[in-house]
>>> print(open('data.json').read())   # JSON, C-alpha atoms
[["chain", "number", "residue", "atom", "x", "y", "z"],
["A", 1, "MET", "CA", 0.00, 0.00, 0.00],
["A", 2, "ALA", "CA", 1.48, 3.31, -1.06],
["A", 3, "GLN", "CA", 1.89, 5.92, 1.57],
["A", 4, "GLN", "CA", -0.16, 9.04, 1.02],
["A", 5, "PRO", "CA", 1.84, 12.27, 0.82],
["A", 6, "ARG", "CA", 1.47, 14.40, 3.89],
["A", 7, "ASN", "CA", -0.75, 17.38, 3.56],
["A", 8, "LEU", "CA", 1.46, 20.30, 4.56],
["A", 9, "THR", "CA", -0.63, 23.05, 6.00],
["A", 10, "LEU", "CA", 0.35, 26.22, 7.74],
["A", 11, "ASP", "CA", -1.76, 25.39, 10.75],
["A", 12, "PRO", "CA", 0.60, 25.82, 13.74],
["A", 13, "CYS", "CA", -1.21, 23.18, 15.83],
["A", 14, "SER", "CA", -0.73, 20.43, 13.26],
["A", 15, "ILE", "CA", 2.90, 21.37, 12.67],
["A", 16, "MET", "CA", 3.66, 21.50, 16.39],
["A", 17, "SER", "CA", 2.12, 18.09, 17.02],
["A", 18, "ASP", "CA", 4.36, 16.51, 14.37],
["A", 19, "SER", "CA", 7.63, 18.22, 15.24],
["A", 20, "VAL", "CA", 8.57, 17.20, 18.74],
["A", 21, "TYR", "CA", 12.32, 16.94, 19.24],
["A", 22, "LEU", "CA", 13.59, 15.71, 22.62],
["A", 23, "GLY", "CA", 10.48, 16.98, 24.37],
["A", 24, "VAL", "CA", 10.82, 20.51, 22.99],
["A", 25, "GLU", "CA", 8.42, 21.76, 20.39],
["A", 26, "PRO", "CA", 10.44, 24.00, 18.07],
["A", 27, "LEU", "CA", 7.52, 26.13, 16.97],
["A", 28, "SER", "CA", 6.35, 26.72, 20.52],
["A", 29, "VAL", "CA", 9.84, 27.98, 21.33],
["A", 30, "MET", "CA", 9.69, 30.21, 18.26],
["A", 31, "TYR", "CA", 6.24, 31.56, 19.23],
["A", 32, "TYR", "CA", 7.47, 32.15, 22.77],
["A", 33, "THR", "CA", 10.50, 34.04, 21.49],
["A", 34, "LEU", "CA", 8.37, 36.13, 19.15],
["A", 35, "SER", "CA", 5.96, 36.92, 21.96],
["A", 36, "LEU", "CA", 8.89, 38.19, 24.02],
["A", 37, "MET", "CA", 9.90, 40.46, 21.17],
["A", 38, "ASP", "CA", 6.36, 41.83, 20.88],
["A", 39, "LYS", "CA", 6.28, 44.85, 23.18],
["A", 40, "GLY", "CA", 2.48, 44.80, 23.19],
["A", 41, "SER", "CA", 2.48, 41.32, 24.69],
["A", 42, "ASP", "CA", 1.29, 40.59, 28.22],
["A", 43, "ARG", "CA", 4.77, 39.28, 28.97],
["A", 44, "PHE", "CA", 6.01, 42.86, 29.06],
["A", 45, "ALA", "CA", 3.16, 44.14, 31.19],
["A", 46, "ARG", "CA", 4.68, 45.99, 34.13],
["A", 47, "PRO", "CA", 4.34, 43.88, 37.29],
["A", 48, "THR", "CA", 3.02, 45.33, 40.51],
["A", 49, "LEU", "CA", 5.38, 46.03, 43.40],
["A", 50, "PRO", "CA", 4.40, 42.91, 45.41],
["A", 51, "VAL", "CA", 4.91, 40.72, 42.33],
["A", 52, "ALA", "CA", 8.30, 42.29, 41.60],
["A", 53, "LEU", "CA", 9.37, 41.91, 45.25],
["A", 54, "SER", "CA", 8.30, 38.27, 45.39],
["A", 55, "ARG", "CA", 10.22, 37.56, 42.20],
["A", 56, "GLY", "CA", 13.29, 39.23, 43.68],
["A", 57, "LEU", "CA", 12.95, 37.22, 46.89],
["A", 58, "VAL", "CA", 13.31, 33.98, 44.96],
["A", 59, "GLY", "CA", 16.20, 35.32, 42.85],
["A", 60, "ARG", "CA", 14.29, 35.81, 39.60],
["A", 61, "CYS", "CA", 14.01, 38.73, 37.23],
["A", 62, "PRO", "CA", 11.46, 41.22, 38.61],
["A", 63, "ASN", "CA", 10.20, 41.94, 35.09],
["A", 64, "CYS", "CA", 9.48, 38.48, 33.67],
["A", 65, "GLY", "CA", 9.96, 36.20, 36.68],
["A", 66, "GLN", "CA", 11.80, 33.60, 34.60],
["A", 67, "GLY", "CA", 15.39, 34.78, 34.19],
["A", 68, "LYS", "CA", 17.93, 34.48, 36.97],
["A", 69, "LEU", "CA", 18.85, 37.58, 38.95],
["A", 70, "TYR", "CA", 22.24, 36.25, 40.09],
["A", 71, "ARG", "CA", 25.22, 34.80, 38.26],
["A", 72, "THR", "CA", 26.76, 33.52, 41.49],
["A", 73, "TYR", "CA", 25.78, 33.68, 45.17],
["A", 74, "LEU", "CA", 25.51, 37.51, 45.29],
["A", 75, "LYS", "CA", 26.79, 38.68, 41.88],
["A", 76, "GLN", "CA", 23.86, 39.97, 39.87],
["A", 77, "VAL", "CA", 23.59, 39.60, 36.12],
["A", 78, "GLU", "CA", 23.91, 42.57, 33.77],
["A", 79, "ARG", "CA", 20.81, 41.62, 31.77],
["A", 80, "CYS", "CA", 18.03, 39.10, 32.14],
["A", 81, "ALA", "CA", 18.63, 36.17, 29.79],
["A", 82, "VAL", "CA", 14.91, 35.84, 29.05],
["A", 83, "CYS", "CA", 13.50, 39.37, 28.68],
["A", 84, "GLY", "CA", 16.70, 41.42, 28.33],
["A", 85, "GLU", "CA", 15.93, 43.80, 31.21],
["A", 86, "HIS", "CA", 19.05, 45.69, 32.35],
["A", 87, "PHE", "CA", 20.13, 45.31, 36.01],
["A", 88, "GLY", "CA", 23.81, 46.20, 35.81],
["A", 89, "ASP", "CA", 23.36, 49.74, 37.09],
["A", 90, "ILE", "CA", 21.21, 48.75, 40.09],
["A", 91, "GLU", "CA", 23.19, 48.30, 43.31],
["A", 92, "SER", "CA", 21.91, 47.52, 46.77],
["A", 93, "ASP", "CA", 25.29, 48.45, 48.33],
["A", 94, "ASP", "CA", 25.18, 47.97, 52.12],
["A", 95, "ALA", "CA", 21.40, 47.88, 52.48],
["A", 96, "ALA", "CA", 21.08, 44.11, 52.04],
["A", 97, "PRO", "CA", 23.65, 43.19, 54.72],
["A", 98, "TRP", "CA", 22.21, 45.85, 57.01],
["A", 99, "PHE", "CA", 18.65, 44.48, 56.75],
["A", 100, "THR", "CA", 19.93, 40.91, 57.06],
["A", 101, "ILE", "CA", 21.79, 41.67, 60.28],
["A", 102, "LEU", "CA", 18.78, 43.58, 61.58],
["A", 103, "ILE", "CA", 16.49, 40.59, 61.00],
["A", 104, "ALA", "CA", 19.01, 38.04, 62.30],
["A", 105, "GLY", "CA", 19.71, 40.20, 65.38],
["A", 106, "VAL", "CA", 16.07, 39.98, 66.39],
["A", 107, "PHE", "CA", 16.60, 36.24, 66.81],
["A", 108, "ALA", "CA", 20.16, 36.40, 68.13],
["A", 109, "ALA", "CA", 19.44, 38.44, 71.27],
["A", 110, "PRO", "CA", 16.78, 36.09, 72.73],
["A", 111, "LEU", "CA", 18.95, 33.09, 71.85],
["A", 112, "TYR", "CA", 21.85, 34.63, 73.72],
["A", 113, "PHE", "CA", 19.78, 35.07, 76.86],
["A", 114, "LEU", "CA", 18.23, 31.61, 76.51],
["A", 115, "PHE", "CA", 21.58, 29.87, 76.11],
["A", 116, "GLN", "CA", 23.19, 32.02, 78.81],
["A", 117, "GLY", "CA", 20.48, 30.96, 81.24],
["A", 118, "LEU", "CA", 20.70, 27.29, 80.29],
["A", 119, "LEU", "CA", 24.49, 27.00, 80.15],
["A", 120, "LEU", "CA", 25.05, 29.39, 83.06],
["A", 121, "SER", "CA", 28.58, 30.69, 82.81],
["A", 122, "TYR", "CA", 29.90, 28.87, 79.75],
["A", 123, "PHE", "CA", 30.29, 32.03, 77.71],
["A", 124, "ALA", "CA", 32.46, 30.46, 74.99],
["A", 125, "VAL", "CA", 30.02, 27.59, 74.43],
["A", 126, "THR", "CA", 27.13, 30.06, 74.29],
["A", 127, "MET", "CA", 28.87, 32.21, 71.68],
["A", 128, "VAL", "CA", 29.79, 29.22, 69.50],
["A", 129, "LEU", "CA", 26.24, 27.87, 69.57],
["A", 130, "ILE", "CA", 24.68, 31.24, 68.81],
["A", 131, "SER", "CA", 27.17, 31.84, 66.00],
["A", 132, "LEU", "CA", 26.36, 28.51, 64.38],
["A", 133, "ILE", "CA", 22.62, 29.04, 64.72],
["A", 134, "ILE", "CA", 22.72, 32.61, 63.36],
["A", 135, "VAL", "CA", 25.16, 32.17, 60.45],
["A", 136, "ALA", "CA", 22.88, 29.77, 58.56],
["A", 137, "PRO", "CA", 19.86, 32.14, 58.44],
["A", 138, "ILE", "CA", 22.14, 35.03, 57.51],
["A", 139, "LEU", "CA", 23.52, 33.08, 54.56],
["A", 140, "LEU", "CA", 19.98, 32.16, 53.50],
["A", 141, "LEU", "CA", 18.50, 35.64, 53.96],
["A", 142, "LEU", "CA", 21.23, 37.75, 52.34],
["A", 143, "PRO", "CA", 20.61, 36.88, 48.64],
["A", 144, "ARG", "CA", 16.84, 37.02, 49.14],
["A", 145, "ILE", "CA", 16.91, 40.44, 50.75],
["A", 146, "LYS", "CA", 19.33, 41.71, 48.09],
["A", 147, "GLY", "CA", 16.99, 40.38, 45.38],
["A", 148, "ALA", "CA", 14.02, 42.14, 46.97],
["A", 149, "LEU", "CA", 15.99, 45.40, 47.18],
["A", 150, "ILE", "CA", 17.12, 45.15, 43.56],
["A", 151, "SER", "CA", 13.49, 44.52, 42.58],
["A", 152, "ALA", "CA", 12.31, 47.53, 44.59],
["A", 153, "PHE", "CA", 14.98, 49.76, 43.02],
["A", 154, "TRP", "CA", 14.09, 48.41, 39.57],
["A", 155, "PHE", "CA", 10.40, 49.08, 40.21],
["A", 156, "SER", "CA", 11.03, 52.64, 41.40],
["A", 157, "ARG", "CA", 13.27, 53.29, 38.38],
["A", 158, "LEU", "CA", 10.45, 52.22, 36.06],
["A", 159, "LYS", "CA", 7.98, 54.37, 37.91],
["A", 160, "ASN", "CA", 10.26, 57.42, 37.63],
["A", 161, "ASP", "CA", 11.01, 56.78, 33.94],
["A", 162, "GLU", "CA", 7.37, 56.95, 32.88],
["A", 163, "PRO", "CA", 6.47, 60.11, 31.00],
["A", 164, "GLY", "CA", 4.07, 62.48, 32.39]]
>>> encode(input="data.json", output="structure tokens")
Amino acid sequence: MAQQPRNLTLDPCSIMSDSVYLGVEPLSVMYYTLSLMDKGSDRFARPTLPVALSRGLVGRCPNCGQGKLYRTYLKQVERCAVCGEHFGDIESDDAAPWFTILIAGVFAAPLYFLFQGLLLSYFAVTMVLISLIIVAPILLLLPRIKGALISAFWFSRLKNDEPG
């Protein structure tokens, strides 16, 4: 039985169903890329401040929420790899460590008094325990707070750049 020639149509749904390569549909990637280039698309709709802050807290681009905000632990990227938003000129300077120490200090003071009361006069043991308990949250909080600050600065820059 002779095989019928395939009817090639320009219907994107039929093309996408036939062209799956390693789990990635090439046309869906193309449509996604084109939608990113379309400035009228919802993907470029300006997020609200809570959305931008939540995206920064998880280390994502405050604009699109998909690109990474950091190259390494605390080194931010120049541009978002997904939407191309520029972050190179935004710096949180000493604000992120300051807020991190402020938040961690709220927990460190009661722990000091708790351990001092339990361990009585073992000052060195108390300091070692508190240091170990406080360093972990500081290391976890620092990139998140820096991301939220970068998102807030990015949001305020957009707000100030609007005409009118």
>>> axis_aligned_box(input="data.json", around="region 92-100 of chain A", padding_each_side="6 Å", output="AutoDock Vina command-line options")
--center_x 22.0 --center_y 44.7 --center_z 51.9 --size_x 18.6 --size_y 19.5 --size_z 22.3
>>> residues_around(input="data.json", residues="Tyr70 (chain A)", least_positions_apart="6", cutoff="8 Å", atoms="only C-alpha atoms", output="ChimeraX atom specification")
/A:59-60,76-77
>>> atom_distance(input="data.json", atom1="CA of Arg157 (chain A)", atom2="CA of Ser92 (chain A)")
13.4 Å
>>> atom_distance(input="data.json", atom1="CA of Ala52 (chain A)", atom2="CA of Ala104 (chain A)")
23.7 Å
>>> residues_around(input="data.json", residues="Asp93 (chain A)", least_positions_apart="4", cutoff="12 Å", atoms="only C-alpha atoms", output="compact mmCIF listing (two decimals) with C-alpha atoms, keeping the file's coordinate frame")
# COMPACT_ATOMS: atom_id res chain seq x y z
CA LEU A 74 25.51 37.51 45.29
CA LYS A 75 26.79 38.68 41.88
CA ASP A 89 23.36 49.74 37.09
CA PRO A 97 23.65 43.19 54.72
CA TRP A 98 22.21 45.85 57.01
CA PHE A 99 18.65 44.48 56.75
CA ILE A 145 16.91 40.44 50.75
CA LYS A 146 19.33 41.71 48.09
CA GLY A 147 16.99 40.38 45.38
CA LEU A 149 15.99 45.40 47.18
CA ILE A 150 17.12 45.15 43.56
CA PHE A 153 14.98 49.76 43.02
>>> residues_around(input="data.json", residues="Cys80 (chain A)", least_positions_apart="6", cutoff="10 Å", atoms="all atoms listed in the file", output="count of residues only")
14
